[in-house]
Structure formats: structure tokens, C-alpha cells
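Coordinates from upload-v4.cif are shown below (mmCIF, C-alpha atoms and all ligand atoms).
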data_entry
#
loop_
_atom_site.group_PDB
_atom_site.id
_atom_site.type_symbol
_atom_site.label_atom_id
_atom_site.label_comp_id
_atom_site.auth_asym_id
_atom_site.auth_seq_id
_atom_site.Cartn_x
_atom_site.Cartn_y
_atom_site.Cartn_z
ATOM 1 C CA MET A 1181 -23.042 19.642 -7.648
ATOM 2 C CA SER A 1182 -20.274 18.125 -5.483
ATOM 3 C CA THR A 1183 -17.347 20.328 -4.459
ATOM 4 C CA THR A 1184 -14.995 18.211 -6.582
ATOM 5 C CA LYS A 1185 -17.135 18.721 -9.690
ATOM 6 C CA GLU A 1186 -17.341 22.463 -9.004
ATOM 7 C CA ILE A 1187 -13.562 22.819 -8.663
ATOM 8 C CA VAL A 1188 -12.928 20.749 -11.797
ATOM 9 C CA LYS A 1189 -15.393 22.910 -13.747
ATOM 10 C CA LYS A 1190 -14.161 26.228 -12.328
ATOM 11 C CA HIS A 1191 -10.551 25.541 -13.368
ATOM 12 C CA GLY A 1192 -11.427 23.754 -16.612
ATOM 13 C CA PHE A 1193 -9.302 20.809 -15.450
ATOM 14 C CA LYS A 1194 -8.791 18.003 -17.975
ATOM 15 C CA PHE A 1195 -8.335 14.482 -16.580
ATOM 16 C CA THR A 1196 -5.303 12.411 -17.538
ATOM 17 C CA LYS A 1197 -6.300 8.755 -17.613
ATOM 18 C CA SER A 1198 -2.728 7.483 -17.477
ATOM 19 C CA LEU A 1199 -2.261 9.202 -14.083
ATOM 20 C CA GLY A 1200 -5.112 7.188 -12.564
ATOM 21 C CA GLN A 1201 -7.222 10.300 -12.043
ATOM 22 C CA ASN A 1202 -10.547 9.251 -10.561
ATOM 23 C CA PHE A 1203 -11.567 11.983 -8.142
ATOM 24 C CA LEU A 1204 -13.888 11.391 -5.220
ATOM 25 C CA THR A 1205 -17.193 13.221 -5.359
ATOM 26 C CA ASP A 1206 -19.007 11.632 -2.421
ATOM 27 C CA ASP A 1207 -18.814 13.491 0.902
ATOM 28 C CA THR A 1208 -19.623 10.425 3.022
ATOM 29 C CA VAL A 1209 -16.655 8.566 1.541
ATOM 30 C CA LEU A 1210 -14.376 11.523 2.318
ATOM 31 C CA GLU A 1211 -15.660 11.512 5.901
ATOM 32 C CA ASP A 1212 -15.258 7.749 6.234
ATOM 33 C CA ILE A 1213 -11.634 7.942 5.051
ATOM 34 C CA VAL A 1214 -10.749 10.676 7.563
ATOM 35 C CA THR A 1215 -12.619 8.926 10.400
ATOM 36 C CA GLY A 1216 -11.246 5.518 9.394
ATOM 37 C CA ALA A 1217 -7.702 6.907 9.442
ATOM 38 C CA ASP A 1218 -8.399 8.282 12.942
ATOM 39 C CA ILE A 1219 -6.804 11.659 12.195
ATOM 40 C CA THR A 1220 -6.248 13.909 15.228
ATOM 41 C CA ASP A 1221 -4.579 17.286 15.752
ATOM 42 C CA GLU A 1222 -1.361 15.465 16.689
ATOM 43 C CA ASP A 1223 -0.993 13.815 13.302
ATOM 44 C CA PHE A 1224 1.354 14.710 10.494
ATOM 45 C CA VAL A 1225 -0.462 13.432 7.412
ATOM 46 C CA ILE A 1226 1.165 12.615 4.106
ATOM 47 C CA GLU A 1227 -1.287 12.439 1.221
ATOM 48 C CA ILE A 1228 -0.240 10.919 -2.073
ATOM 49 C CA GLY A 1229 -2.110 12.281 -5.102
ATOM 50 C CA PRO A 1230 -4.359 15.064 -3.723
ATOM 51 C CA GLY A 1231 -6.139 15.683 -7.070
ATOM 52 C CA VAL A 1232 -8.096 18.943 -6.694
ATOM 53 C CA GLY A 1233 -7.757 18.766 -2.907
ATOM 54 C CA THR A 1234 -11.198 17.666 -1.702
ATOM 55 C CA LEU A 1235 -9.867 14.924 0.598
ATOM 56 C CA THR A 1236 -6.900 17.144 1.484
ATOM 57 C CA LYS A 1237 -9.257 19.832 2.793
ATOM 58 C CA GLU A 1238 -10.992 17.352 5.134
ATOM 59 C CA LEU A 1239 -7.587 16.180 6.352
ATOM 60 C CA LEU A 1240 -6.407 19.761 6.921
ATOM 61 C CA LYS A 1241 -9.388 20.430 9.194
ATOM 62 C CA LYS A 1242 -8.381 17.572 11.509
ATOM 63 C CA ALA A 1243 -4.614 17.125 11.271
ATOM 64 C CA LYS A 1244 -1.735 19.081 12.724
ATOM 65 C CA TYR A 1245 -0.126 19.276 9.281
ATOM 66 C CA VAL A 1246 -0.703 17.837 5.811
ATOM 67 C CA CYS A 1247 1.986 17.326 3.216
ATOM 68 C CA ALA A 1248 0.572 16.367 -0.189
ATOM 69 C CA ILE A 1249 2.565 14.964 -3.078
ATOM 70 C CA GLU A 1250 1.154 15.496 -6.578
ATOM 71 C CA LEU A 1251 2.701 14.604 -9.918
ATOM 72 C CA ASP A 1252 0.375 16.425 -12.345
ATOM 73 C CA SER A 1253 1.629 19.998 -13.031
ATOM 74 C CA ASP A 1254 -1.890 21.116 -14.016
ATOM 75 C CA LEU A 1255 -3.111 20.396 -10.481
ATOM 76 C CA ILE A 1256 -0.454 22.437 -8.668
ATOM 77 C CA PRO A 1257 -1.970 25.940 -9.239
ATOM 78 C CA ILE A 1258 -5.454 24.553 -8.526
ATOM 79 C CA LEU A 1259 -4.338 23.083 -5.193
ATOM 80 C CA GLU A 1260 -2.437 26.261 -4.305
ATOM 81 C CA GLU A 1261 -5.543 28.327 -4.887
ATOM 82 C CA GLU A 1262 -8.116 26.004 -3.333
ATOM 83 C CA LEU A 1263 -6.090 25.379 -0.172
ATOM 84 C CA ARG A 1264 -4.482 28.810 0.253
ATOM 85 C CA GLU A 1265 -6.328 29.509 3.535
ATOM 86 C CA TYR A 1266 -4.539 26.657 5.339
ATOM 87 C CA ASP A 1267 -1.186 27.399 6.935
ATOM 88 C CA ASN A 1268 -0.703 23.755 7.980
ATOM 89 C CA PHE A 1269 -0.317 22.642 4.355
ATOM 90 C CA GLN A 1270 2.670 21.855 2.175
ATOM 91 C CA LEU A 1271 2.508 20.780 -1.449
ATOM 92 C CA ILE A 1272 5.283 18.835 -3.131
ATOM 93 C CA HIS A 1273 5.220 18.603 -6.920
ATOM 94 C CA LYS A 1274 6.870 15.248 -7.501
ATOM 95 C CA ASP A 1275 6.392 11.588 -8.417
ATOM 96 C CA ALA A 1276 5.630 9.778 -5.136
ATOM 97 C CA MET A 1277 7.823 6.892 -6.303
ATOM 98 C CA LYS A 1278 10.824 9.256 -6.330
ATOM 99 C CA VAL A 1279 10.189 10.915 -2.982
ATOM 100 C CA ASN A 1280 12.508 10.340 -0.049
ATOM 101 C CA PHE A 1281 9.898 9.974 2.683
ATOM 102 C CA ASP A 1282 12.528 10.084 5.438
ATOM 103 C CA GLU A 1283 13.196 13.712 4.477
ATOM 104 C CA ILE A 1284 9.517 14.607 4.726
ATOM 105 C CA ILE A 1285 8.915 12.675 7.947
ATOM 106 C CA GLY A 1286 11.945 14.079 9.780
ATOM 107 C CA ASN A 1287 11.374 13.795 13.538
ATOM 108 C CA GLU A 1288 7.571 13.735 13.396
ATOM 109 C CA ALA A 1289 6.190 11.343 16.013
ATOM 110 C CA SER A 1290 2.772 10.531 14.588
ATOM 111 C CA VAL A 1291 2.830 10.133 10.830
ATOM 112 C CA LYS A 1292 -0.181 8.783 8.944
ATOM 113 C CA PHE A 1293 -0.385 8.226 5.209
ATOM 114 C CA VAL A 1294 -3.769 8.778 3.596
ATOM 115 C CA ALA A 1295 -4.474 8.428 -0.105
ATOM 116 C CA ASN A 1296 -6.920 7.647 -2.829
ATOM 117 C CA LEU A 1297 -4.127 5.978 -4.746
ATOM 118 C CA PRO A 1298 -3.782 6.082 -8.525
ATOM 119 C CA TYR A 1299 -4.497 2.489 -9.516
ATOM 120 C CA TYR A 1300 -1.638 2.155 -12.021
ATOM 121 C CA VAL A 1301 0.956 2.535 -9.282
ATOM 122 C CA THR A 1302 -0.833 1.115 -6.201
ATOM 123 C CA THR A 1303 1.336 -1.931 -5.548
ATOM 124 C CA PRO A 1304 4.723 -0.208 -6.114
ATOM 125 C CA ILE A 1305 3.734 2.635 -3.750
ATOM 126 C CA ILE A 1306 2.481 0.265 -1.036
ATOM 127 C CA SER A 1307 5.584 -1.831 -1.421
ATOM 128 C CA LYS A 1308 7.841 1.257 -1.215
ATOM 129 C CA LEU A 1309 6.102 2.461 1.953
ATOM 130 C CA LEU A 1310 6.115 -0.927 3.670
ATOM 131 C CA THR A 1311 9.653 -1.984 2.863
ATOM 132 C CA GLY A 1312 11.242 1.486 3.114
ATOM 133 C CA GLY A 1313 11.681 1.321 6.896
ATOM 134 C CA TYR A 1314 9.878 4.681 7.272
ATOM 135 C CA ASN A 1315 8.639 5.838 10.637
ATOM 136 C CA PHE A 1316 4.848 5.979 10.273
ATOM 137 C CA LYS A 1317 1.854 4.706 12.187
ATOM 138 C CA SER A 1318 -0.676 3.823 9.546
ATOM 139 C CA LEU A 1319 -1.596 3.811 5.909
ATOM 140 C CA THR A 1320 -5.252 4.425 5.030
ATOM 141 C CA ILE A 1321 -5.713 4.006 1.322
ATOM 142 C CA MET A 1322 -8.398 3.651 -1.277
ATOM 143 C CA ILE A 1323 -7.418 0.953 -3.701
ATOM 144 C CA GLN A 1324 -8.975 -1.411 -6.208
ATOM 145 C CA LYS A 1325 -11.191 -3.958 -4.423
ATOM 146 C CA GLU A 1326 -9.194 -6.953 -5.698
ATOM 147 C CA VAL A 1327 -5.911 -5.516 -4.404
ATOM 148 C CA ALA A 1328 -7.410 -4.818 -0.956
ATOM 149 C CA GLU A 1329 -8.766 -8.359 -0.812
ATOM 150 C CA ARG A 1330 -5.354 -9.731 -1.688
ATOM 151 C CA MET A 1331 -3.755 -7.690 1.087
ATOM 152 C CA ALA A 1332 -6.179 -8.928 3.729
ATOM 153 C CA ALA A 1333 -6.374 -12.566 2.478
ATOM 154 C CA ALA A 1334 -5.660 -15.637 4.624
ATOM 155 C CA PRO A 1335 -3.871 -18.824 3.435
ATOM 156 C CA ASP A 1336 -5.739 -21.285 1.243
ATOM 157 C CA CYS A 1337 -7.874 -18.787 -0.619
ATOM 158 C CA LYS A 1338 -7.303 -17.656 -4.173
ATOM 159 C CA GLU A 1339 -6.556 -14.029 -3.194
ATOM 160 C CA TYR A 1340 -3.693 -15.096 -0.878
ATOM 161 C CA GLY A 1341 -0.309 -14.242 -2.361
ATOM 162 C CA ALA A 1342 2.944 -12.303 -2.032
ATOM 163 C CA LEU A 1343 1.027 -9.051 -1.411
ATOM 164 C CA SER A 1344 -0.872 -10.649 1.524
ATOM 165 C CA ILE A 1345 2.436 -11.677 3.084
ATOM 166 C CA LEU A 1346 3.996 -8.252 2.474
ATOM 167 C CA ALA A 1347 1.067 -6.396 4.067
ATOM 168 C CA GLN A 1348 0.576 -8.788 6.972
ATOM 169 C CA TYR A 1349 4.279 -9.100 7.779
ATOM 170 C CA TYR A 1350 4.486 -5.364 8.507
ATOM 171 C CA CYS A 1351 0.907 -4.435 9.454
ATOM 172 C CA ASN A 1352 -2.472 -5.295 10.870
ATOM 173 C CA THR A 1353 -4.978 -4.807 8.082
ATOM 174 C CA SER A 1354 -8.607 -3.743 8.412
ATOM 175 C CA ILE A 1355 -11.120 -3.013 5.696
ATOM 176 C CA ILE A 1356 -12.967 0.261 6.309
ATOM 177 C CA ARG A 1357 -15.539 0.291 3.531
ATOM 178 C CA LYS A 1358 -16.382 -0.502 -0.055
ATOM 179 C CA VAL A 1359 -16.734 2.341 -2.538
ATOM 180 C CA PRO A 1360 -18.752 1.924 -5.768
ATOM 181 C CA PRO A 1361 -17.654 3.512 -9.091
ATOM 182 C CA SER A 1362 -20.526 6.051 -8.808
ATOM 183 C CA CYS A 1363 -18.564 7.918 -6.075
ATOM 184 C CA PHE A 1364 -15.900 9.138 -8.547
ATOM 185 C CA ILE A 1365 -15.450 11.299 -11.633
ATOM 186 C CA PRO A 1366 -14.662 9.866 -14.069
ATOM 187 C CA GLN A 1367 -16.089 6.551 -12.858
ATOM 188 C CA PRO A 1368 -13.546 3.708 -12.732
ATOM 189 C CA LYS A 1369 -14.509 0.309 -14.157
ATOM 190 C CA VAL A 1370 -13.829 -1.436 -10.854
ATOM 191 C CA GLU A 1371 -15.059 -1.281 -7.272
ATOM 192 C CA SER A 1372 -12.781 0.191 -4.640
ATOM 193 C CA ILE A 1373 -12.083 -0.447 -0.993
ATOM 194 C CA VAL A 1374 -10.692 1.773 1.736
ATOM 195 C CA ILE A 1375 -8.246 -0.292 3.747
ATOM 196 C CA ARG A 1376 -6.202 0.687 6.785
ATOM 197 C CA LEU A 1377 -2.816 -0.813 7.549
ATOM 198 C CA ASP A 1378 -1.501 -0.220 11.062
ATOM 199 C CA LYS A 1379 2.236 -0.630 11.147
ATOM 200 C CA LEU A 1380 3.429 -3.101 13.756
ATOM 201 C CA THR A 1381 6.272 -2.064 16.053
ATOM 202 C CA GLU A 1382 8.062 -5.176 14.852
ATOM 203 C CA PRO A 1383 7.169 -7.559 12.014
ATOM 204 C CA LYS A 1384 4.597 -10.253 12.785
ATOM 205 C CA VAL A 1385 7.214 -12.992 12.450
ATOM 206 C CA LEU A 1386 10.853 -12.397 13.210
ATOM 207 C CA VAL A 1387 13.107 -13.839 10.532
ATOM 208 C CA LYS A 1388 16.876 -13.964 10.405
ATOM 209 C CA ASP A 1389 17.149 -12.779 6.807
ATOM 210 C CA GLU A 1390 14.275 -10.648 5.508
ATOM 211 C CA LYS A 1391 15.604 -10.606 1.958
ATOM 212 C CA LEU A 1392 15.665 -14.398 1.826
ATOM 213 C CA PHE A 1393 12.190 -14.577 3.406
ATOM 214 C CA PHE A 1394 10.673 -12.354 0.697
ATOM 215 C CA ARG A 1395 12.583 -14.163 -2.043
ATOM 216 C CA ILE A 1396 11.076 -17.460 -0.932
ATOM 217 C CA VAL A 1397 7.615 -15.863 -0.814
ATOM 218 C CA ARG A 1398 8.049 -14.430 -4.323
ATOM 219 C CA GLU A 1399 9.227 -17.733 -5.797
ATOM 220 C CA ALA A 1400 6.482 -19.701 -4.028
ATOM 221 C CA PHE A 1401 3.759 -17.501 -5.488
ATOM 222 C CA ASN A 1402 5.365 -16.950 -8.888
ATOM 223 C CA MET A 1403 4.474 -20.521 -9.611
ATOM 224 C CA ARG A 1404 1.538 -20.971 -7.320
ATOM 225 C CA ARG A 1405 0.212 -24.069 -9.104
ATOM 226 C CA LYS A 1406 3.472 -25.900 -8.444
ATOM 227 C CA THR A 1407 4.492 -27.674 -5.274
ATOM 228 C CA LEU A 1408 6.927 -25.798 -3.065
ATOM 229 C CA TRP A 1409 9.561 -28.335 -3.982
ATOM 230 C CA ASN A 1410 9.345 -27.351 -7.653
ATOM 231 C CA ALA A 1411 8.617 -23.666 -7.170
ATOM 232 C CA LEU A 1412 11.658 -23.163 -4.925
ATOM 233 C CA LYS A 1413 14.098 -24.845 -7.341
ATOM 234 C CA ASN A 1414 14.798 -21.317 -8.630
ATOM 235 C CA LEU A 1415 16.512 -20.533 -5.331
ATOM 236 C CA LYS A 1416 19.255 -22.937 -6.511
ATOM 237 C CA TYR A 1417 20.011 -24.537 -3.168
ATOM 238 C CA PRO A 1418 21.422 -28.094 -3.310
ATOM 239 C CA LYS A 1419 18.721 -30.786 -3.088
ATOM 240 C CA GLU A 1420 19.947 -32.085 0.297
ATOM 241 C CA ILE A 1421 19.776 -28.614 1.832
ATOM 242 C CA MET A 1422 16.237 -28.107 0.571
ATOM 243 C CA GLU A 1423 15.215 -31.529 1.966
ATOM 244 C CA GLU A 1424 16.712 -30.736 5.326
ATOM 245 C CA ALA A 1425 15.190 -27.240 5.433
ATOM 246 C CA PHE A 1426 11.689 -28.573 4.686
ATOM 247 C CA SER A 1427 12.138 -31.253 7.290
ATOM 248 C CA SER A 1428 13.435 -28.953 10.034
ATOM 249 C CA ALA A 1429 10.671 -26.403 9.301
ATOM 250 C CA ASN A 1430 8.205 -29.311 9.435
ATOM 251 C CA ILE A 1431 6.708 -28.436 6.052
ATOM 252 C CA ASP A 1432 5.718 -31.020 3.455
ATOM 253 C CA PRO A 1433 7.483 -29.997 0.193
ATOM 254 C CA LYS A 1434 4.493 -31.318 -1.764
ATOM 255 C CA ARG A 1435 2.386 -28.466 -0.409
ATOM 256 C CA ARG A 1436 1.777 -25.371 -2.510
ATOM 257 C CA GLY A 1437 2.953 -21.939 -1.368
ATOM 258 C CA GLU A 1438 -0.623 -20.702 -1.110
ATOM 259 C CA THR A 1439 -1.210 -23.055 1.855
ATOM 260 C CA LEU A 1440 1.651 -21.704 3.981
ATOM 261 C CA SER A 1441 1.013 -19.260 6.800
ATOM 262 C CA LEU A 1442 3.261 -16.283 7.431
ATOM 263 C CA SER A 1443 4.988 -18.096 10.268
ATOM 264 C CA GLU A 1444 5.563 -21.232 8.151
ATOM 265 C CA PHE A 1445 7.246 -19.094 5.476
ATOM 266 C CA GLY A 1446 9.327 -17.632 8.322
ATOM 267 C CA LYS A 1447 10.352 -21.090 9.582
ATOM 268 C CA LEU A 1448 11.340 -22.212 6.088
ATOM 269 C CA ALA A 1449 13.380 -19.033 5.524
ATOM 270 C CA ASP A 1450 15.194 -19.448 8.842
ATOM 271 C CA ALA A 1451 15.891 -23.132 8.183
ATOM 272 C CA LEU A 1452 17.393 -22.267 4.789
ATOM 273 C CA ASN A 1453 19.333 -19.403 6.306
ATOM 274 C CA ASP A 1454 20.809 -21.737 8.944
ATOM 275 C CA LEU A 1455 21.654 -24.470 6.443
ATOM 276 C CA GLY A 1456 22.956 -22.742 3.360
ATOM 277 C CA ASP A 1457 24.848 -19.770 2.174
ATOM 278 C CA ASN A 1458 24.010 -20.327 -1.474
ATOM 279 C CA LYS A 1459 21.622 -17.374 -1.949
HETATM 280 N N1 LIG B 1 -7.129 12.525 -3.817
HETATM 281 C C1 LIG B 1 -7.953 12.858 -4.953
HETATM 282 C C2 LIG B 1 -9.353 12.374 -4.705
HETATM 283 O O1 LIG B 1 -9.523 11.477 -3.890
HETATM 284 O O2 LIG B 1 -10.276 12.878 -5.351
HETATM 285 C C3 LIG B 1 -7.396 12.306 -6.256
HETATM 286 C C4 LIG B 1 -7.135 10.832 -6.301
HETATM 287 S S1 LIG B 1 -6.725 10.218 -7.898
HETATM 288 C C5 LIG B 1 -7.241 8.536 -7.757
HETATM 289 C C6 LIG B 1 -4.959 9.984 -7.888
HETATM 290 C C7 LIG B 1 -4.133 11.242 -7.842
HETATM 291 O O3 LIG B 1 -2.753 10.865 -7.817
HETATM 292 C C8 LIG B 1 -4.278 12.168 -9.032
HETATM 293 O O4 LIG B 1 -4.338 13.489 -8.580
HETATM 294 C C9 LIG B 1 -2.987 11.947 -9.848
HETATM 295 O O5 LIG B 1 -2.607 13.052 -10.625
HETATM 296 C C10 LIG B 1 -1.995 11.653 -8.726
HETATM 297 N N2 LIG B 1 -0.824 10.865 -9.134
HETATM 298 C C11 LIG B 1 -0.742 9.918 -10.099
HETATM 299 N N3 LIG B 1 0.468 9.366 -10.110
HETATM 300 C C12 LIG B 1 1.187 9.950 -9.122
HETATM 301 C C13 LIG B 1 2.514 9.793 -8.656
HETATM 302 N N4 LIG B 1 3.348 8.912 -9.209
HETATM 303 N N5 LIG B 1 2.931 10.567 -7.629
HETATM 304 C C14 LIG B 1 2.090 11.482 -7.067
HETATM 305 N N6 LIG B 1 0.819 11.665 -7.476
HETATM 306 C C15 LIG B 1 0.367 10.914 -8.484
#
Could you rewrite the structure in this file as C-alpha cells?
Amino acid sequence: MSTTKEIVKKHGFKFTKSLGQNFLTDDTVLEDIVTGADITDEDFVIEIGPGVGTLTKELLKKAKYVCAIELDSDLIPILEEELREYDNFQLIHKDAMKVNFDEIIGNEASVKFVANLPYYVTTPIISKLLTGGYNFKSLTIMIQKEVAERMAAAPDCKEYGALSILAQYYCNTSIIRKVPPSCFIPQPKVESIVIRLDKLTEPKVLVKDEKLFFRIVREAFNMRRKTLWNALKNLKYPKEIMEEAFSSANIDPKRRGETLSLSEFGKLADALNDLGDNK
């Protein structure tokens, strides 16, 4: 029996589906996550959703310190008992979406996030971590295969979208491995992927107004079947300004958003920033 199954049985833990509780039971996957995240004894690791602590334990053996954030009250006493021998461990009982990560990170120099993320809240958590301006080096996460593919996608393929731009604007992405449903209890319906995002020291394209850049990206992909000309009407810039912005960014307005590279989105955002103040 895997350690995870033993701990679940020993404590009579009952899974809560709505909290995205699919616990890892496969030791090789645990190893691949820790190796893929390149955890060393200089790293301060933040784990979101430790479950019964099987991945946490592997992290604790390698890292300088592990801070785990768990929402489910039933898991708190289990984690406290199972991980009591480690003095480099801190447990925070809280919703990760409500955590102020700056407070946890403090002055730590080498912060790495590691998580088998609950699927229901994957995108909001990734988005919070990437846009929050937090000081961390990397994010190694297990997520639904489709979401990982969207994050790593290049222009002109069906997976390419706002999430690809968000991930690739802030990070270099690399896929570590696929994980089949048989590696979890209970088994999820979908395949998973472990993906690593290494935070860049500065975004891949430098734009004058980040908020405007992401607004354009959102609008372009909200209506991905439409031409950029139609999709970006929601921005409510005068027609002449839009024409001039497309022309100075050298982008054909008849193209669809899904064909634009990160740097083309950046050029369009800067052109609009220079031309209009009608945001
Ligand atoms: N790390 C464990 C593993 O790999 O076996 C468990 C992963 S399980 C997919 C997700 C975990 O996140 C569960 O323990 C769940 O209770 C916890 N969780 C769900 N929503 C959360 C939230 N908003 N904040 C913190 N933890 C959350």
C-alpha cells in the first residue's frame, strides 16, 4: 500500500471533492516533482495544498524550509502529526487565494512554489502568483493536462490563448512529465502534467502599460473567432486611433488574436498607449 493510502486509512480521512482532493500515490511522480523543481538546501519552498503531506515530506528532506498552506481543517491535525519530526516546517491553515505571499516570503532569497494544485482553482492561483509581483524563482505545479498545454502553447494553435500569454510573459515554461489518473486517489477523470515555470528577471516583452497589454490580450481571446478589428472594438478607442495603432505596430487588423506573438501584442499595446488615453 502506498504511504498516502496508509495515512488516509490510518486517520479515516474523508475526501472532499469540491476541494479538488486527488492525492498522489505514486512515489516516482513525487520524486520527479522534487527533482523537476530542482529543490536544494538553500530553497524556501511554499507548497499549496499539502493534502496528507506525502509530497511535503519529500520536499522537507531536500529544502531549507517548507511552508505549506492548506484549506481543509480535517487535514491540519493529520499534517501536524505526520510531519511533527521536521523542524523546518510551517503549516498555515488558510485559503491560498487569501494569503499574502509577501508576508510569507519576507526576505527569503530563493523561493520556489511547488504544488499538486486543486483543479477547481488552478488558473486563479497561477494568475495570482504571476501577477502578484512576488519574489520567487519558480513554480513547479501539477495541473490538468489541457491547462498545462495552454500555458506552453505557441501562436496559431488551438491551445494558444490568454493563459499562454500570461505564463510566457512572466516565465520560461517547461513540461516535466505527464501523470495518468492511476497515480492518484481518488482518480481524476483527466490526465495531468507537471509543468515548471521559471520566473524571468524581467518580462519577456517590455510594455509601457501592462494593464492595457493584458486588457488587449483578454479582449482578443474573448472573441477568438473574430478579427482583431472586431474583437478590440470593446476597448472603445476611436476608429482612427485603432487604424493608426494597427498600422504603426505593423499588424493587419484582419488577423485573429490567436495568430499574434507575445511581442506583437506588446507592439500593439504600446502603439495604443502612445496614441490614446481613452482606456
Ligand atoms: N499535495 C497533495 C498530494 O499531492 O497528494 C494533495 C493535492 S490535492 C490535488 C489539493 C490539495 O489542496 C488538497 O489537500 C486540498 O484540500 C487543498 N486545497 C484546496 N483548495 C485550497 C485552497 N483554496 N487553498 C489551500 N489549499 C487548498
Considering all atoms listed in the file, tabulate each residue of region 1378-1443 of chain A that lies at most 8 Å from region 1330-1336 of chain A along with its nearest interatomic pair and the corresponding distance in Å to one decimal; arrange the rows by chain and ascending residue number and present them as CSV.
residue,atom,partner,partner_atom,distance
A:Glu1438,CA,A:Asp1336,CA,5.7
A:Thr1439,CA,A:Asp1336,CA,4.9
A:Leu1440,CA,A:Pro1335,CA,6.3
A:Ser1441,CA,A:Pro1335,CA,5.9
Can you give me, as a PDB file with C-alpha atoms, in the coordinates of the input, the residues this file yields under the PyMOL selection byres (((not hetatm)) within 7 of (chain B and resi 1))?
ATOM      1  CA  LEU A1199      -2.261   9.202 -14.083  1.00  0.00           C
ATOM      2  CA  GLY A1200      -5.112   7.188 -12.564  1.00  0.00           C
ATOM      3  CA  GLN A1201      -7.222  10.300 -12.043  1.00  0.00           C
ATOM      4  CA  ASN A1202     -10.547   9.251 -10.561  1.00  0.00           C
ATOM      5  CA  PHE A1203     -11.567  11.983  -8.142  1.00  0.00           C
ATOM      6  CA  LEU A1204     -13.888  11.391  -5.220  1.00  0.00           C
ATOM      7  CA  THR A1205     -17.193  13.221  -5.359  1.00  0.00           C
ATOM      8  CA  ILE A1228      -0.240  10.919  -2.073  1.00  0.00           C
ATOM      9  CA  GLY A1229      -2.110  12.281  -5.102  1.00  0.00           C
ATOM     10  CA  PRO A1230      -4.359  15.064  -3.723  1.00  0.00           C
ATOM     11  CA  GLY A1231      -6.139  15.683  -7.070  1.00  0.00           C
ATOM     12  CA  VAL A1232      -8.096  18.943  -6.694  1.00  0.00           C
ATOM     13  CA  GLY A1233      -7.757  18.766  -2.907  1.00  0.00           C
ATOM     14  CA  THR A1234     -11.198  17.666  -1.702  1.00  0.00           C
ATOM     15  CA  LEU A1235      -9.867  14.924   0.598  1.00  0.00           C
ATOM     16  CA  ILE A1249       2.565  14.964  -3.078  1.00  0.00           C
ATOM     17  CA  GLU A1250       1.154  15.496  -6.578  1.00  0.00           C
ATOM     18  CA  LEU A1251       2.701  14.604  -9.918  1.00  0.00           C
ATOM     19  CA  ASP A1252       0.375  16.425 -12.345  1.00  0.00           C
ATOM     20  CA  LYS A1274       6.870  15.248  -7.501  1.00  0.00           C
ATOM     21  CA  ASP A1275       6.392  11.588  -8.417  1.00  0.00           C
ATOM     22  CA  ALA A1276       5.630   9.778  -5.136  1.00  0.00           C
ATOM     23  CA  MET A1277       7.823   6.892  -6.303  1.00  0.00           C
ATOM     24  CA  ALA A1295      -4.474   8.428  -0.105  1.00  0.00           C
ATOM     25  CA  ASN A1296      -6.920   7.647  -2.829  1.00  0.00           C
ATOM     26  CA  LEU A1297      -4.127   5.978  -4.746  1.00  0.00           C
ATOM     27  CA  PRO A1298      -3.782   6.082  -8.525  1.00  0.00           C
ATOM     28  CA  TYR A1299      -4.497   2.489  -9.516  1.00  0.00           C
ATOM     29  CA  VAL A1301       0.956   2.535  -9.282  1.00  0.00           C
TER      30      VAL A1301
END
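Each of A:Asn1410, A:Ser1354, A:Ser1372, A:Ser1443 was compared to Lys1384 (chain A) using all atoms listed in the file, and A:Ser1443 turns out to be the nearest.
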Using all atoms listed in the file, the best pick from A:Ile1396, A:Leu1386, A:Val1327, A:Ile1431 as closest to Asn1414 (chain A) would be A:Ile1396
- Query: Distance CA of Ile1373 (chain A)-CA of Arg1395 (chain A), one decimal place?
  - Reply: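 If I compute the distance from CA of Ile1373 (chain A) to CA of Arg1395 (chain A), I get 28.2 Å.
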Selection under test: the PyMOL selection byres (((chain A and resi 1318) around 7) and not hetatm); residues as a PDB file with C-alpha atoms, in the frame of the given file:
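Written out: part.pdb:
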ATOM      1  CA  LYS A1292      -0.181   8.783   8.944  1.00  0.00           C
ATOM      2  CA  PHE A1293      -0.385   8.226   5.209  1.00  0.00           C
ATOM      3  CA  PHE A1316       4.848   5.979  10.273  1.00  0.00           C
ATOM      4  CA  LYS A1317       1.854   4.706  12.187  1.00  0.00           C
ATOM      5  CA  LEU A1319      -1.596   3.811   5.909  1.00  0.00           C
ATOM      6  CA  THR A1320      -5.252   4.425   5.030  1.00  0.00           C
ATOM      7  CA  ARG A1376      -6.202   0.687   6.785  1.00  0.00           C
ATOM      8  CA  LEU A1377      -2.816  -0.813   7.549  1.00  0.00           C
ATOM      9  CA  ASP A1378      -1.501  -0.220  11.062  1.00  0.00           C
ATOM     10  CA  LYS A1379       2.236  -0.630  11.147  1.00  0.00           C
TER      11      LYS A1379
END
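Among A:Arg1357, A:Lys1391, A:Lys1419, A:Lys1434, the residue with the shortest atom-to-atom distance to Gly1446 (chain A), counting only C-alpha atoms, is A:Lys1391.
Taking CA of Ala1347 (chain A) and CA of Pro1366 (chain A) as endpoints, the distance between them is 29.0 Å.
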message = List as a list in words the protein and nucleic acid residues near region 1258-1270 of chain A, meaning an atom at most 10 Å away when all atoms listed in the file are counted, but skip any in the same chain fewer than 6 places from it.
response = Ile1187, Val1188, Lys1190, His1191, Phe1193, Phe1224, Val1225, Ile1226, Pro1230, Gly1231, Val1232, Gly1233, Thr1234, Thr1236, Lys1237, Leu1239, Leu1240, Lys1241, Ala1243, Lys1244, Tyr1245, Val1246, Cys1247, Ala1248, Ile1249 and Glu1250 of chain A
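The two atoms in question, CA of Leu1448 (chain A) and CA of Ala1425 (chain A), are spaced 6.4 Å apart.
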message = Evaluate the PyMOL selection byres (((chain A and resi 1345) around 9) and not hetatm) against this structure - the residues, as a PyMOL selection string, please.
response = chain A and resi 1331+1333+1340-1344+1346-1350+1394+1397+1441-1442
